[in-house]
Structure formats: structure tokens, C-alpha cells
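S.K.: My questions will all concern the structure given below.
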Amino acid sequence: MLLLLAPAAGAQQSLQWNAPAGATVTSTDAALVALARQLLDGRDAVHLTPAQRGQSLLVTGQYPQASAAITALMQSLRCDGNESQAQRWTPYLLMAKAGNPAEPGFDRAYAAAFAARFAALDDVSALKTHYWFTTNLPAAQAKLDTALAAHASSANLTREQALDLIRQAAFVATFRVASRLAPDLIRADEDRRFEIDDSVRIPAMEGVVLSAHVARPRTSPAPPPAAMLFTIYTDPARNRTQAALAAAHGYVGVVVDARGKRLGTGTAAPYETEGVDAAAAVDWISQQPWTDGRVVMYGGSYSGFAAWAAAKHAPPALKAIAPYVAAIPGLGLPMENNVFLSANYGWPFYVANNRLLDNDTYNQRERWDALTERWYASGRPYRQIDQVDGTPNPWLQRWLAHPDYDAYWQAMVPYGDDFTRIRIPVLSITGYYDDGQISALQYFREHYRHLPDADHRLLIGPYDHFGTQANVKAMELRGYSVDPIAQFDTDAITFQWFDHVLQGAPLPPLLADRVNYQLMGANRWEHVPSLQAAGGGMTTFHLSSERAGTGYRLIETPTSPAGVVTQTVDFADRTSSRHNYYPWPILRAGPPDDGGLSFVSAPFDQPMDMVGPFGGDLKIRINKRDVDLTVTLYEWQNDGKVMQLSYYVGRASYAADMTTRHLLTPGQWTQVPFQRTRMTGRRIAKGSRLLVVVDVLTDAEHQVNHGTGKDVSDESVADAGTPLSIDWSTDSLLRIPLRAVAE
């Protein structure tokens, strides 16, 4: 929540700083007040932004003036269409209106200001404003103490240093009060608006009972439909708010805890029982007198998966689902295209260790980051990574027993003909830079493949996994400046769409067709009936053995006879990793220089739109029986910068069939098809080139496939043997969805 403020204009101003030795937040009040007064009274005061002026007035204790400044700031933001940005200033406004926290009667004044402010807000706006009272105050205080300590020996500060201190000081002062007073006020405001029961029990399968939060709008004239979110993330306060948010939109909000969580019975079993349990919850909810019998499901990531898992069982009362960045266990995680990855290694501890969430274990980021590096350096089999950690990971071991996409995984979500029975409307929301996007896209493609007349809409743009689910999108994502038009509110669009499906309300314009995508670089949304229509046709590119700088040419007409580019990889070398395919940053200063073979196209002589996932066929020859591959696609711009568009990671032996492994024959050419890649939507500028990097996957974040043909989880560095020799034939090709744009 710390606000990022743009640097002020004007000449540099040096400000006096008289902080006592060993400065802390509490011992520097006078020094901070003096510093803020210099900012307000100095020659550069005219260059203070409205936010900086409001914060400085708060720090100096000029509360009426601070209230006026913050009110004006909020009005300005609303006029610019930034309602969420305006709402985030509410805690500051209440602080200013209540006056000096040290004065008698402050708590009553704060409560009165809160009541007056929230009386003017509708239910949705109120709940979204409640969110801005949540923060990690100890972390903010520690950050301010660190900043003060860094200036302990300074007699003067630059203007930027002073503004940063005042920003942090205003934040800490505001949320020291908010953390103490706001929770009870927020709870009372929720109770005024909604009837909330946090101890509902729902009978499920096999005698299991699930617990749930149920929130009902107090003003509903008749029982409304129910909007259900099924979750394993058992955070009672957050889930209560989530249920209330659905109620604010006119639904009965039901947030159901997974098996074995909170007040429920049974044992947590991530991914394995959600389908039957969620379907049973839908049936039970539909029979309650406080709903009209219709149920919809929504939610992100795990909750999106749970919505699909329930849809597999087709409970009659389920009328629509809106999954965001929905996972497919076994396809997107804990393995992707049959390659196990460690990104979520600590997740089963987090969700299955107790009835709530094991934050203490999951938040040991140094432990998890170091673990992958320790395992990689050790050369031990991937199956022993938990032994390297020192704590058994039974869920990982359970998953590693299923390297094929077999019946174990297939039972969890719709598979094959299951999609023909999903005739309810579906809204899938995902992002170009969501690491789990291949799952969301797989649901979409498989639904239409098995049910061509499916009512399924896709909404996609330049967002990552968490940004897709957020109501306010980050406008800078891993170094890439997002087009302004990409901003939308995920909760709002979800319930507008539910209103359309259930109540006949107008269809949100953002969902005008089956495929709705934000075209990066063009600052526009496009709406088309299919992925094929979005792409406008595939352009085929071939690898070549003709040199181009430090790499090779990427060409549209294949060479004859075919050429070969050879690469050697020593799996016994654990001192380095191969090409980093993961999009971080998205936009970089130049092409990657960390291994891999680069292939560069000719410059485009006109702008081109690339919309959709890419794919292709790699023709390779290796001296082993298997290999894991990566293919990464970039736009190489005229100014030398490189923007990542999409990537593929997969195991060659499963490329043709995820369910059955087909080992390669050493020394023979093998065709390796790939298609489960990430979709992008990007206007490529005239003069830009495509850059494709192909490589062998070997790093600390995945299993290492040594190519023996054994279960990869059982291979160790002792299986490295002779270095891998891989020949890439120029008969290899890529199919990229490109269409020319008239200038």
C-alpha cells in the first residue's frame, strides 16, 4: 500500500535534518515535523504534488488543512476516473478529520468520521474501501526505522530524501491509528449492510462436512442466486470479506472451505476431492431458503480450478462459472507438459499443514529459494529434494508417482468427453504473463474442441497470475509499461457477466465476443469469435544454419538440403543453468545472453499483430533417450530492446501424448510437436524482428532430465554420463499467428 509518488519538479533543495542519535519513529517526531514544514514553506513548495502536500500537512499536525488537501486530491482522482486510487486515501482523510491522536475524544471523532464517510458509499464501494485499511504495520515501521537510521549522521537531506521520509512517516502515523480502530468499525459496517454467518456447515460426500461463510444482502426483496467461491486458502477474515463482496453485488455470497479446513471434517487432500465436494456444496446451497436455487461459481487459481472441478460433475443447480487463471493439476502445476517444477514446492505445507494456513512455514522464502539451489548443486534425484530440505513432503511424493497425465490427474478436472456435458456459460479470465496461462487456455480450447457451440468467453490481457485477479491492474509489469486501456476490475466484470447470464442484464462491452483481448502496443481491445479469427492465420518460420551475428537466421522459406545446428550440454555441470526462459523482465535492454541457440527473422516492413499461442515441430537428433526443451519467443525492437512474447517448456518423450511416454531412439531424427504455449496479443512495430531461442532445459527450478529413459525423478548426476549432443534440423518449424496491419 505504500504510495509511489512521482519526483517533484524544480531545482534541488537541501533541507536541514536534526535527528537525534539512534533515531527511531518515536524519537524523531520533532525532526520530522520540522522537515515537513521546510517542504511546505520552502521555495519548492509550489512543486509539491497534492499527495505530498497532504502527507506533509498530516505530519506537521495541520489537520484541517490536511483534510482539505486530501479531499481535493480524492476529488481530482475521481474526476480522472481513478476511483480506486481515490479510495485508498480514505484512511488518511479519516485521520485528518479526527485530528490529533493524542487529544481526548480522538477515538470518537475518528468513529464519527468513519460513519459519515461510509454512510455515503454503496455496498460495493464500501467493501473496496475497507480493503485500503489493511496493511502490514510492523513492516512499515521497520522500513521507516531503517530509513531514519540511514540518515542518522546527516545534517542535510535532499528534497527527494525528505519527501520519502515524510511519505513513510505519514503512512505509519495513519495506519498506527487505522490498525487500532478500523477493524471494529469495519466489522460493524459489514454487519449493518449484510447478514453474515461464519459457521455454516455443508454436508458433502463420504460423510464429510465442509464449513463456509454465508453473506446475504439485507435489502434483497426476494431470495437471490448464490455466488460460491470454493477455497483451500482458509483465511477467515479474508473469506468473510469475499462472501460479503458477492452479497454487495446482490447475490448470496458463499465461501466454502475445502475438506479438512477450518470447521470442517475430513483430511485436506489438495486437488483430489474438490470436484465431488464442490458439486455437493452446490446441491446443498441450491436447496436453502435464502437463495432462489441457482448457483454460480467464480474465483482465481485454485478456486478457478475448483469451479472447473465442480463443472465436471455437472450439478443441475450450477448455472455458470467464472474461473480466473484456473489451474489444471498435472498440466500447469506441479508439472508443466510433464516436467515437474519447484515453483510451488512449499504450497502443500501452506494449505495442508493445519486447518487454516501455515504462514510461518510458507513464508520462509529464503529456505525455499535456497532449497532448489542446494538440491541442484547436490546432484541428487528430484525425488529426494525433500531429504535435502530435511522435512518430508508427502504430497510431492504422491504427485511424483504420476509422471504421465494419467487417470489420477484426469479425474480432477474435465477431460475429453467431459467437456461435452458442460453446457453452462463460462467466463475465463487470464493474462499473457500468468505462469499458469497454459491451463486456462487448455480449458478454453478443449471446451470448444469437444463442444463447438459452447458458451465460453475468454478475457485476456497483459497481466500476471495475481494481477489478473486484482481489481486494480499494475500499469508497470516487470519492466513493461502496460497500455492505459488495459485497466479493468475483475470482480466488477465477473458480477456484471453473472447479471447478464442470470438476470438478462446487458452484456459488458469488454466481453463482446468469445475472445476478448487487449492488443499490447495498440492501446485497444479486440473482440473476435475464436482464437483462429484473432490470429488471422499462421505464418511458418524455419530454423536455419546460416549465421546472423552471434546466432542464426529465422527464415520463411526452408533451406534445401536441410542444415544442422549442434548443441552440447553437460548435465554433470551443476555450476550453471541454461537459458532463462521465464519472462522476468518482460522488456529487457537487449537479447538474452545466457545460453541457448538464437534465431532472428528479417525486420518486418510493416506493423504486424501477433495474437494467440504459437507452436511448431522441432526435428532433433540426440545421443540419449529423452530431453526437456524450451522455446522462447521475443520481439527484438528497433531500439535494441527485447520484449518477451511467449514460451514453451516440455519433455520430448511426452510431446505427442501427455498420457504415455515415448522414448527417443539415440542417433535417430525425431519430430517433437509442441502447442501448449502461452497466448500473447501484441502489435509488433515496423522494423522489429522476431527472436526465437531454443534450448535444453536444465536448471534448479525443474527436474533434470538426464536422458537415460528412467523415471526422471529417479535420475541423479551419476546418470549424466556423456554430455548431451543435440542436433537441431533446419526442417524444424514454428507456426506464429501473425497478420499485417495497414499503415
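Naming scheme: A, B, ... for chains in displayed order of the C-alpha cells; residues 1 onward per chain; ligands 1 onward as shown.
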Looking only at strand (DSSP E or B) from DSSP on the backbone, list the matching residues of region 433-636 of chain A as an MDAnalysis selection string.

M.R.: chainID A and resid 433 456:464 476:477 480:481 515:520 524:528 538:548 551:555 564:569 587:588 597:600 608:613 615:622 628:636

S.K.: Neighbours of Pro329 (chain A) within 8 Å (only C-alpha atoms; same-chain residues fewer than 3 positions away dropped), as a count of residues only?

M.R.: 7

S.K.: Select, from A:Leu73, A:Ala486, A:Val388, A:Ala268, the residue with the minimum atom-to-atom distance to Ala86 (chain A), counting only C-alpha atoms.

M.R.: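 Nearest to Ala86 (chain A): A:Leu73.
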
S.K.: Tell me, as an mmCIF file with N, CA, C and O atoms, in the first residue's frame, which residues lie within 7 Å of region 665-681 of chain A, counting only C-alpha atoms; anything in the same chain fewer than 4 positions away does not count.

M.R.:
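Writing done, so here's part36.cif:
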data_model
loop_
_atom_site.group_PDB
_atom_site.id
_atom_site.type_symbol
_atom_site.label_atom_id
_atom_site.label_comp_id
_atom_site.auth_asym_id
_atom_site.auth_seq_id
_atom_site.Cartn_x
_atom_site.Cartn_y
_atom_site.Cartn_z
ATOM 1 N N TYR A 432 -1.456 -12.639 -20.229
ATOM 2 C CA TYR A 432 -0.357 -13.064 -21.093
ATOM 3 C C TYR A 432 0.845 -13.542 -20.278
ATOM 4 O O TYR A 432 1.596 -14.410 -20.721
ATOM 5 N N GLN A 437 -0.992 -19.783 -17.443
ATOM 6 C CA GLN A 437 -1.918 -19.494 -18.533
ATOM 7 C C GLN A 437 -2.211 -20.713 -19.401
ATOM 8 O O GLN A 437 -3.314 -20.850 -19.937
ATOM 9 N N ILE A 438 -1.233 -21.630 -19.535
ATOM 10 C CA ILE A 438 -1.491 -22.774 -20.412
ATOM 11 C C ILE A 438 -2.673 -23.596 -19.909
ATOM 12 O O ILE A 438 -3.376 -24.216 -20.701
ATOM 13 N N TYR A 517 -9.417 -9.625 -26.151
ATOM 14 C CA TYR A 517 -8.012 -9.487 -25.784
ATOM 15 C C TYR A 517 -7.548 -8.047 -25.917
ATOM 16 O O TYR A 517 -8.025 -7.298 -26.777
ATOM 17 N N GLN A 518 -6.636 -7.676 -25.041
ATOM 18 C CA GLN A 518 -6.031 -6.353 -25.108
ATOM 19 C C GLN A 518 -4.792 -6.433 -25.992
ATOM 20 O O GLN A 518 -3.877 -7.220 -25.724
ATOM 21 N N LEU A 519 -4.770 -5.668 -27.046
ATOM 22 C CA LEU A 519 -3.674 -5.691 -28.004
ATOM 23 C C LEU A 519 -2.571 -4.775 -27.501
ATOM 24 O O LEU A 519 -2.654 -3.546 -27.620
ATOM 25 N N MET A 520 -1.539 -5.365 -26.900
ATOM 26 C CA MET A 520 -0.429 -4.594 -26.351
ATOM 27 C C MET A 520 0.239 -3.782 -27.457
ATOM 28 O O MET A 520 0.457 -4.272 -28.565
ATOM 29 N N MET A 610 0.538 -9.979 -33.546
ATOM 30 C CA MET A 610 0.653 -11.376 -33.149
ATOM 31 C C MET A 610 -0.365 -11.625 -32.054
ATOM 32 O O MET A 610 -0.281 -11.046 -30.968
ATOM 33 N N VAL A 611 -1.350 -12.471 -32.343
ATOM 34 C CA VAL A 611 -2.424 -12.733 -31.385
ATOM 35 C C VAL A 611 -2.674 -14.234 -31.321
ATOM 36 O O VAL A 611 -3.066 -14.847 -32.315
ATOM 37 N N GLY A 612 -2.435 -14.807 -30.159
ATOM 38 C CA GLY A 612 -2.682 -16.224 -29.955
ATOM 39 C C GLY A 612 -1.436 -16.949 -29.499
ATOM 40 O O GLY A 612 -0.364 -16.364 -29.363
ATOM 41 N N PRO A 613 -1.559 -18.251 -29.251
ATOM 42 C CA PRO A 613 -0.386 -19.056 -28.893
ATOM 43 C C PRO A 613 0.358 -19.473 -30.158
ATOM 44 O O PRO A 613 -0.227 -19.601 -31.233
ATOM 45 N N PHE A 614 1.675 -19.662 -30.018
ATOM 46 C CA PHE A 614 2.445 -20.174 -31.138
ATOM 47 C C PHE A 614 2.693 -21.664 -30.913
ATOM 48 O O PHE A 614 2.420 -22.218 -29.853
ATOM 49 N N GLY A 615 3.199 -22.342 -31.923
ATOM 50 C CA GLY A 615 3.514 -23.764 -31.816
ATOM 51 C C GLY A 615 4.494 -24.152 -32.894
ATOM 52 O O GLY A 615 5.110 -23.289 -33.532
ATOM 53 N N GLY A 616 4.641 -25.443 -33.099
ATOM 54 C CA GLY A 616 5.561 -25.872 -34.138
ATOM 55 C C GLY A 616 5.960 -27.321 -34.015
ATOM 56 O O GLY A 616 5.377 -28.095 -33.235
ATOM 57 N N ASP A 617 6.946 -27.667 -34.814
ATOM 58 C CA ASP A 617 7.514 -29.013 -34.816
ATOM 59 C C ASP A 617 9.029 -28.880 -34.831
ATOM 60 O O ASP A 617 9.598 -28.267 -35.748
ATOM 61 N N LEU A 618 9.658 -29.440 -33.826
ATOM 62 C CA LEU A 618 11.115 -29.437 -33.748
ATOM 63 C C LEU A 618 11.625 -30.790 -34.219
ATOM 64 O O LEU A 618 11.162 -31.831 -33.748
ATOM 65 N N LYS A 619 12.561 -30.764 -35.125
ATOM 66 C CA LYS A 619 13.178 -32.004 -35.588
ATOM 67 C C LYS A 619 14.566 -32.073 -34.975
ATOM 68 O O LYS A 619 15.427 -31.228 -35.258
ATOM 69 N N ILE A 620 14.767 -33.057 -34.084
ATOM 70 C CA ILE A 620 16.022 -33.139 -33.344
ATOM 71 C C ILE A 620 16.599 -34.550 -33.427
ATOM 72 O O ILE A 620 15.897 -35.526 -33.691
ATOM 73 N N ARG A 621 17.886 -34.619 -33.157
ATOM 74 C CA ARG A 621 18.593 -35.907 -33.050
ATOM 75 C C ARG A 621 19.509 -35.801 -31.841
ATOM 76 O O ARG A 621 20.297 -34.860 -31.727
ATOM 77 N N ILE A 622 19.389 -36.762 -30.920
ATOM 78 C CA ILE A 622 20.191 -36.718 -29.703
ATOM 79 C C ILE A 622 20.890 -38.057 -29.496
ATOM 80 O O ILE A 622 20.532 -39.064 -30.109
ATOM 81 N N ASN A 623 21.867 -38.035 -28.604
ATOM 82 C CA ASN A 623 22.608 -39.263 -28.288
ATOM 83 C C ASN A 623 22.074 -39.929 -27.023
ATOM 84 O O ASN A 623 22.735 -40.795 -26.450
ATOM 85 N N LYS A 624 20.884 -39.496 -26.575
ATOM 86 C CA LYS A 624 20.257 -40.068 -25.393
ATOM 87 C C LYS A 624 18.822 -40.447 -25.721
ATOM 88 O O LYS A 624 18.408 -40.393 -26.896
ATOM 89 N N ARG A 625 18.050 -40.814 -24.716
ATOM 90 C CA ARG A 625 16.699 -41.336 -24.949
ATOM 91 C C ARG A 625 15.600 -40.322 -24.634
ATOM 92 O O ARG A 625 14.430 -40.589 -24.877
ATOM 93 N N LEU A 645 7.406 -12.478 -25.596
ATOM 94 C CA LEU A 645 6.030 -12.666 -26.025
ATOM 95 C C LEU A 645 5.420 -13.964 -25.511
ATOM 96 O O LEU A 645 4.265 -13.990 -25.092
ATOM 97 N N SER A 646 6.172 -15.062 -25.563
ATOM 98 C CA SER A 646 5.612 -16.356 -25.170
ATOM 99 C C SER A 646 6.753 -17.346 -24.963
ATOM 100 O O SER A 646 7.910 -17.049 -25.298
ATOM 101 N N TYR A 647 6.405 -18.515 -24.407
ATOM 102 C CA TYR A 647 7.416 -19.556 -24.250
ATOM 103 C C TYR A 647 6.763 -20.927 -24.114
ATOM 104 O O TYR A 647 5.564 -21.049 -23.852
ATOM 105 N N TYR A 648 7.604 -21.945 -24.308
ATOM 106 C CA TYR A 648 7.190 -23.344 -24.166
ATOM 107 C C TYR A 648 8.237 -24.080 -23.349
ATOM 108 O O TYR A 648 9.442 -23.871 -23.520
ATOM 109 N N ALA A 652 10.360 -34.038 -24.392
ATOM 110 C CA ALA A 652 10.253 -34.553 -25.758
ATOM 111 C C ALA A 652 9.487 -35.866 -25.803
ATOM 112 O O ALA A 652 8.692 -36.108 -26.720
ATOM 113 N N ALA A 655 5.745 -35.151 -25.843
ATOM 114 C CA ALA A 655 5.249 -34.049 -26.668
ATOM 115 C C ALA A 655 4.038 -34.441 -27.487
ATOM 116 O O ALA A 655 3.100 -33.653 -27.657
ATOM 117 N N ALA A 656 4.003 -35.662 -28.009
ATOM 118 C CA ALA A 656 2.888 -36.104 -28.843
ATOM 119 C C ALA A 656 1.714 -36.611 -28.020
ATOM 120 O O ALA A 656 0.580 -36.624 -28.498
#

S.K.: Determine the nearest neighbour of Gly42 (chain A) from the options A:Arg159, A:Pro101, A:Ala310, A:Asp164, counting only C-alpha atoms.

M.R.: A:Arg159

S.K.: If you count only C-alpha atoms, which residues fall within 12 Å of Tyr233 (chain A), apart from same-chain ones fewer than 4 positions away, as a PyMOL selection string?

M.R.: chain A and resi 229+237-239+242+255-262+268+270+299-303+347-359

S.K.: Please provide as a list in words all residues within 8 Å of Val564 (chain A), with the sequence filter that same-chain residues fewer than 2 positions apart are discarded (counting only C-alpha atoms).

M.R.: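 So, after excluding close chain neighbours, the residues are Ser544, Ser545, Ala562, Thr566, Asp727, Trp728, Ser729 and Thr730 of chain A.
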
S.K.: Smallest atom-to-atom distance to Gln287 (chain A): which of A:Ala370, A:Ile202, A:Ala269, A:Ala572, using only C-alpha atoms?

M.R.: A:Ile202

S.K.: Would you please give, as a ChimeraX atom specification, all residues of region 6-166 of chain A that DSSP assigns to alpha helix (DSSP H) based on the backbone?

M.R.: /A:29-41,50-60,63-79,83-87,90-98,106-119,123-131,137-150,159-166

S.K.: Calculated over only C-alpha atoms, which of the candidates A:Leu734, A:Leu58, A:Val627, A:Leu148 has the smallest distance to Thr708 (chain A)?

M.R.: A:Val627

S.K.: Using CA of Leu157 (chain A) and CA of Leu15 (chain A) as the two end points, give the distance in Å to one decimal.

M.R.: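 CA of Leu157 (chain A) sits 5.2 Å away from CA of Leu15 (chain A).
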
S.K.: Quick one: residues within 8 Å of region 579-586 of chain A, only C-alpha atoms counted, chain neighbours fewer than 4 positions away excluded, as a ChimeraX atom specification?

M.R.: /A:433,477-480,592-596,630-632,643-644,647,695,697

S.K.: Suppose we keep N, CA and C atoms; can you now write the selection as a PDB file, in the first residue's frame?

M.R.:
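Generated output (selection-v7.pdb):
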ATOM      1  N   TYR A 433       1.015 -12.967 -19.080  1.00  0.00           N
ATOM      2  CA  TYR A 433       2.189 -13.293 -18.272  1.00  0.00           C
ATOM      3  C   TYR A 433       1.812 -14.039 -16.989  1.00  0.00           C
ATOM      4  N   LEU A 477       4.568  -3.709 -15.446  1.00  0.00           N
ATOM      5  CA  LEU A 477       4.679  -5.134 -15.151  1.00  0.00           C
ATOM      6  C   LEU A 477       6.051  -5.626 -15.595  1.00  0.00           C
ATOM      7  N   ARG A 478       6.918  -5.906 -14.629  1.00  0.00           N
ATOM      8  CA  ARG A 478       8.253  -6.468 -14.897  1.00  0.00           C
ATOM      9  C   ARG A 478       8.995  -5.691 -15.985  1.00  0.00           C
ATOM     10  N   GLY A 479       8.956  -4.361 -15.874  1.00  0.00           N
ATOM     11  CA  GLY A 479       9.689  -3.521 -16.805  1.00  0.00           C
ATOM     12  C   GLY A 479       8.910  -3.103 -18.030  1.00  0.00           C
ATOM     13  N   TYR A 480       7.678  -3.605 -18.196  1.00  0.00           N
ATOM     14  CA  TYR A 480       6.867  -3.241 -19.357  1.00  0.00           C
ATOM     15  C   TYR A 480       5.758  -2.286 -18.917  1.00  0.00           C
ATOM     16  N   PRO A 592      18.804 -11.892 -24.728  1.00  0.00           N
ATOM     17  CA  PRO A 592      19.377 -12.706 -23.651  1.00  0.00           C
ATOM     18  C   PRO A 592      20.719 -13.276 -24.082  1.00  0.00           C
ATOM     19  N   ASP A 593      21.600 -13.378 -23.114  1.00  0.00           N
ATOM     20  CA  ASP A 593      22.939 -13.910 -23.389  1.00  0.00           C
ATOM     21  C   ASP A 593      23.280 -14.929 -22.316  1.00  0.00           C
ATOM     22  N   ASP A 594      22.425 -15.946 -22.164  1.00  0.00           N
ATOM     23  CA  ASP A 594      22.624 -16.933 -21.106  1.00  0.00           C
ATOM     24  C   ASP A 594      22.434 -18.348 -21.642  1.00  0.00           C
ATOM     25  N   GLY A 595      23.014 -18.610 -22.794  1.00  0.00           N
ATOM     26  CA  GLY A 595      22.919 -19.935 -23.388  1.00  0.00           C
ATOM     27  C   GLY A 595      21.781 -20.002 -24.376  1.00  0.00           C
ATOM     28  N   GLY A 596      21.615 -21.136 -24.998  1.00  0.00           N
ATOM     29  CA  GLY A 596      20.558 -21.310 -25.973  1.00  0.00           C
ATOM     30  C   GLY A 596      21.007 -20.900 -27.362  1.00  0.00           C
ATOM     31  N   THR A 630      13.082 -26.044 -24.248  1.00  0.00           N
ATOM     32  CA  THR A 630      12.413 -24.755 -24.128  1.00  0.00           C
ATOM     33  C   THR A 630      12.468 -24.044 -25.469  1.00  0.00           C
ATOM     34  N   VAL A 631      11.395 -23.309 -25.761  1.00  0.00           N
ATOM     35  CA  VAL A 631      11.345 -22.431 -26.927  1.00  0.00           C
ATOM     36  C   VAL A 631      10.788 -21.099 -26.438  1.00  0.00           C
ATOM     37  N   THR A 632      11.529 -20.014 -26.650  1.00  0.00           N
ATOM     38  CA  THR A 632      11.127 -18.702 -26.149  1.00  0.00           C
ATOM     39  C   THR A 632      11.038 -17.734 -27.316  1.00  0.00           C
ATOM     40  N   MET A 643      11.404  -7.680 -26.087  1.00  0.00           N
ATOM     41  CA  MET A 643      10.199  -7.931 -25.305  1.00  0.00           C
ATOM     42  C   MET A 643       9.789  -9.385 -25.453  1.00  0.00           C
ATOM     43  N   GLN A 644       9.635 -10.074 -24.317  1.00  0.00           N
ATOM     44  CA  GLN A 644       9.235 -11.474 -24.384  1.00  0.00           C
ATOM     45  C   GLN A 644       7.737 -11.579 -24.671  1.00  0.00           C
ATOM     46  N   TYR A 647       6.405 -18.515 -24.407  1.00  0.00           N
ATOM     47  CA  TYR A 647       7.416 -19.556 -24.250  1.00  0.00           C
ATOM     48  C   TYR A 647       6.763 -20.927 -24.114  1.00  0.00           C
ATOM     49  N   ASP A 695      16.452 -24.222 -26.585  1.00  0.00           N
ATOM     50  CA  ASP A 695      17.478 -24.662 -25.642  1.00  0.00           C
ATOM     51  C   ASP A 695      17.046 -25.952 -24.962  1.00  0.00           C
ATOM     52  N   LEU A 697      16.478 -27.679 -21.360  1.00  0.00           N
ATOM     53  CA  LEU A 697      16.126 -27.227 -20.021  1.00  0.00           C
ATOM     54  C   LEU A 697      16.980 -27.947 -18.990  1.00  0.00           C
TER      55      LEU A 697
END

S.K.: Return as JSON lines the residues of region 92-111 of chain A lying at most 8 Å from region 166-187 of chain A, together with the closest atom-to-atom pair for each and the distance in Å to one decimal, counting only C-alpha atoms, with rows in chain order and ascending residue number.

M.R.:
{"residue": "A:Tyr92", "atom": "CA", "partner": "A:Thr174", "partner_atom": "CA", "distance": 5.9}
{"residue": "A:Met95", "atom": "CA", "partner": "A:Thr174", "partner_atom": "CA", "distance": 6.1}
{"residue": "A:Pro101", "atom": "CA", "partner": "A:Val177", "partner_atom": "CA", "distance": 7.7}
{"residue": "A:Asp107", "atom": "CA", "partner": "A:Leu181", "partner_atom": "CA", "distance": 7.5}
{"residue": "A:Ala111", "atom": "CA", "partner": "A:Leu185", "partner_atom": "CA", "distance": 7.1}

S.K.: Sort by chain and increasing residue number a table of all residues of region 459-534 of chain A within 9 Å of region 318-324 of chain A, each with its closest pair of atoms and their distance in Å to one decimal, counting only C-alpha atoms, and write it as CSV.

M.R.:
residue,atom,partner,partner_atom,distance
A:His465,CA,A:Tyr324,CA,8.9
A:Thr468,CA,A:Tyr324,CA,7.2
A:Gln469,CA,A:Tyr324,CA,6.6
A:Thr490,CA,A:Tyr324,CA,8.9
A:Thr494,CA,A:Ala322,CA,6.7
A:Trp497,CA,A:Ala322,CA,8.8
A:Phe498,CA,A:Ala320,CA,7.5
A:Val501,CA,A:Ala320,CA,7.7
A:Leu502,CA,A:Lys319,CA,8.0
